[in-house]
Structures are given as structure tokens and as C-alpha cells.
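Beneath this line is the structure, given in C-alpha cells, with notes to follow.
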Amino acid sequence: QVQLVESGGGLVQPGGSLRLSCAASGSRFRFKSMGWYRQAPGKQRELVAVITSDGMIKYADSVKGRCTISGDNAKNTMYLQMNSLKPEDTAVYFCNYISVLDNSWGQGTQVTVSS
């Protein structure tokens, strides 16, 4: 099973930027997709961005133009660059990995956007 560890969250002012990282380790077999989700207090977990094995990338409408998902295969790490952050971006951000054998989640990293 894949183990995922997120990092990079924190407190940032509106308009600021953060880069989240997700380090993957363990057995990876027939990767299907990897992505970022977030969950705000009292709300359901929602997709932020996902990249599939055939290279397709999808962003939530709420973050289009402000966020970029990327990966570094050599480091087994996925990133989420977030710019022009808004208070409504405040949430716990989770990394997700899906393969034919696995559906793994990280423990999450808190992002708080506040002045």
C-alpha cells in the first residue's frame, strides 16, 4: 500500500501563496490518478486538482487559474502550488493516490487564509 505524507500548509494572508507537497512511498502498481482534495469545517471533502495516468489534469472551478498541480517522479512527490489565496480556501488539504489495487489518503495539512 502507498503511504502519503503532506506538508507545506500553514497560515497565509489573503492574496498570498503556498506550495503543498505530498511525498509517496511504498508499493505503487498501475497508477490511475493522484490528486489533492480539501475539507473545510462542516463541509464535505471536495476535489481541488487531479492528474491521471494518461496525463489529464482537472481543477475545481473554484481554483482554476490560481492553482497548479505537478509532480516530480524522481522524488516521488506531488505538489500543489496555490496563488492568490482566499479565505474560502481555508481547509485541510489531503493527498490521494489511486491504483488498481490501492486508494490511499494522507493525513492532511491545514491551510488557513486569514488576515
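By convention here, the chains of the C-alpha cells are called A, B, ... in the order presented, each chain's residues are numbered starting at 1, and ligands are numbered starting at 1 in the order presented.
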Taking only residues of region 50-101 of chain A that have an atom at most 6 Å from an atom of region 16-25 of chain A, what is each one's shortest atom pair and its distance in Å to one decimal, using only C-alpha atoms, in chain and number order, as CSV?
residue,atom,partner,partner_atom,distance
A:Asn76,CA,A:Ala24,CA,5.5
A:Thr77,CA,A:Ala23,CA,4.4
A:Met78,CA,A:Cys22,CA,5.0
A:Tyr79,CA,A:Ser21,CA,4.5
A:Leu80,CA,A:Leu20,CA,5.0
A:Gln81,CA,A:Arg19,CA,4.4
A:Met82,CA,A:Leu18,CA,5.3
A:Asn83,CA,A:Ser17,CA,4.4
A:Ser84,CA,A:Gly16,CA,5.4
A:Leu85,CA,A:Gly16,CA,5.5
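Among the residues of chain A, backbone DSSP assigns helix (DSSP H, G or I) to Asn73, Ala74, Lys75, Pro87, Glu88 and Asp89 of chain A.
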Emit the selected residues as a PDB file, in the first residue's frame, including N, CA and C atoms.
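Saved as part39.pdb:
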ATOM      1  N   ASN A  73       8.737  12.815 -10.468  1.00  0.00           N
ATOM      2  CA  ASN A  73       8.845  11.358 -10.362  1.00  0.00           C
ATOM      3  C   ASN A  73      10.105  10.924  -9.642  1.00  0.00           C
ATOM      4  N   ALA A  74      11.184  11.652  -9.845  1.00  0.00           N
ATOM      5  CA  ALA A  74      12.452  11.285  -9.214  1.00  0.00           C
ATOM      6  C   ALA A  74      12.362  11.373  -7.689  1.00  0.00           C
ATOM      7  N   LYS A  75      11.533  12.286  -7.213  1.00  0.00           N
ATOM      8  CA  LYS A  75      11.378  12.476  -5.767  1.00  0.00           C
ATOM      9  C   LYS A  75      10.117  11.811  -5.232  1.00  0.00           C
ATOM     10  N   PRO A  87      -9.847  33.537   1.724  1.00  0.00           N
ATOM     11  CA  PRO A  87     -10.302  32.928   2.986  1.00  0.00           C
ATOM     12  C   PRO A  87     -11.098  31.637   2.765  1.00  0.00           C
ATOM     13  N   GLU A  88     -11.834  31.570   1.672  1.00  0.00           N
ATOM     14  CA  GLU A  88     -12.625  30.362   1.408  1.00  0.00           C
ATOM     15  C   GLU A  88     -11.775  29.162   1.000  1.00  0.00           C
ATOM     16  N   ASP A  89     -10.479  29.377   0.815  1.00  0.00           N
ATOM     17  CA  ASP A  89      -9.574  28.255   0.571  1.00  0.00           C
ATOM     18  C   ASP A  89      -9.153  27.567   1.864  1.00  0.00           C
TER      19      ASP A  89
END
All residues 12 Å or closer to Gly42 (chain A), only C-alpha atoms, same chain fewer than 4 positions away omitted, as a VMD selection string: chain A and resid 38 91 to 92
Emit the selected residues as an mmCIF file, in the first residue's frame, including N, CA, C and O atoms.
data_model
loop_
_atom_site.group_PDB
_atom_site.id
_atom_site.type_symbol
_atom_site.label_atom_id
_atom_site.label_comp_id
_atom_site.auth_asym_id
_atom_site.auth_seq_id
_atom_site.Cartn_x
_atom_site.Cartn_y
_atom_site.Cartn_z
ATOM 1 N N ARG A 38 -9.758 18.778 -0.494
ATOM 2 C CA ARG A 38 -9.777 19.590 0.715
ATOM 3 C C ARG A 38 -11.121 19.460 1.419
ATOM 4 O O ARG A 38 -12.130 19.138 0.799
ATOM 5 N N ALA A 91 -8.946 25.177 4.676
ATOM 6 C CA ALA A 91 -9.396 23.791 4.769
ATOM 7 C C ALA A 91 -8.204 22.909 5.126
ATOM 8 O O ALA A 91 -7.057 23.369 5.103
ATOM 9 N N VAL A 92 -8.503 21.655 5.414
ATOM 10 C CA VAL A 92 -7.455 20.646 5.487
ATOM 11 C C VAL A 92 -7.317 20.053 4.090
ATOM 12 O O VAL A 92 -8.316 19.645 3.482
#
Quick one: residues within 8 Å of Trp105 (chain A), only C-alpha atoms, excluding same-chain residues fewer than 2 positions away - as a PyMOL selection string? chain A and resi 3-4+94-97+103+107
Next, the residues of the selection above should be written as a compact mmCIF listing (two decimals), in the first residue's frame with N, CA and C atoms.
# COMPACT_ATOMS: atom_id res chain seq x y z
N GLN A 3 1.97 4.93 1.03
CA GLN A 3 1.89 5.86 2.15
C GLN A 3 2.11 7.28 1.62
N LEU A 4 1.28 8.18 2.07
CA LEU A 4 1.33 9.57 1.60
C LEU A 4 1.51 10.50 2.79
N PHE A 94 -5.82 17.24 1.56
CA PHE A 94 -5.44 15.83 1.56
C PHE A 94 -4.89 15.42 0.20
N CYS A 95 -3.92 14.56 0.25
CA CYS A 95 -3.35 13.95 -0.95
C CYS A 95 -4.01 12.58 -1.13
N ASN A 96 -4.28 12.23 -2.37
CA ASN A 96 -4.92 10.95 -2.67
C ASN A 96 -4.21 10.26 -3.81
N TYR A 97 -4.08 8.93 -3.69
CA TYR A 97 -3.44 8.11 -4.72
C TYR A 97 -4.34 6.93 -5.03
N ASN A 103 -6.27 2.75 -2.81
CA ASN A 103 -6.88 4.06 -2.73
C ASN A 103 -6.43 4.64 -1.40
N GLN A 107 -2.57 12.20 5.74
CA GLN A 107 -3.19 12.63 6.99
C GLN A 107 -3.73 14.05 6.90
What is the distance, in Å and to one decimal place, between CA of Ile98 (chain A) and CA of Met34 (chain A)? 6.2 Å
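Interatomic distance, CA of Met56 (chain A) to CA of Asp72 (chain A): 16.0 Å.
For Gln39 (chain A), the list of residues within 10 Å, based on only C-alpha atoms and with local chain neighbours fewer than 2 positions off taken out, reads A:Tyr37, A:Pro41, A:Gly42, A:Lys43, A:Gln44, A:Arg45, A:Glu46, A:Leu47, A:Val48, A:Asp89, A:Thr90, A:Ala91, A:Val92, A:Tyr93, A:Phe94, A:Gly108, A:Gln110.
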Long-range neighbours of Ala49 (chain A) as a PyMOL selection string, 8 Å cut-off, only C-alpha atoms, 4 positions minimum in chain: chain A and resi 35-37+57-60+68-69
Please run DSSP on the backbone and report, as a ChimeraX atom specification, all residues within region 33-78 of chain A that come out as strand (DSSP E or B). /A:33-39,46-52,57-59,67-72,77-78
When you count only C-alpha atoms, which of these residues is closest to Arg66 (chain A): A:Leu11, A:Val113, A:Ser99, A:Lys86?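 With only C-alpha atoms as the atom set, the closest residue is A:Lys86.
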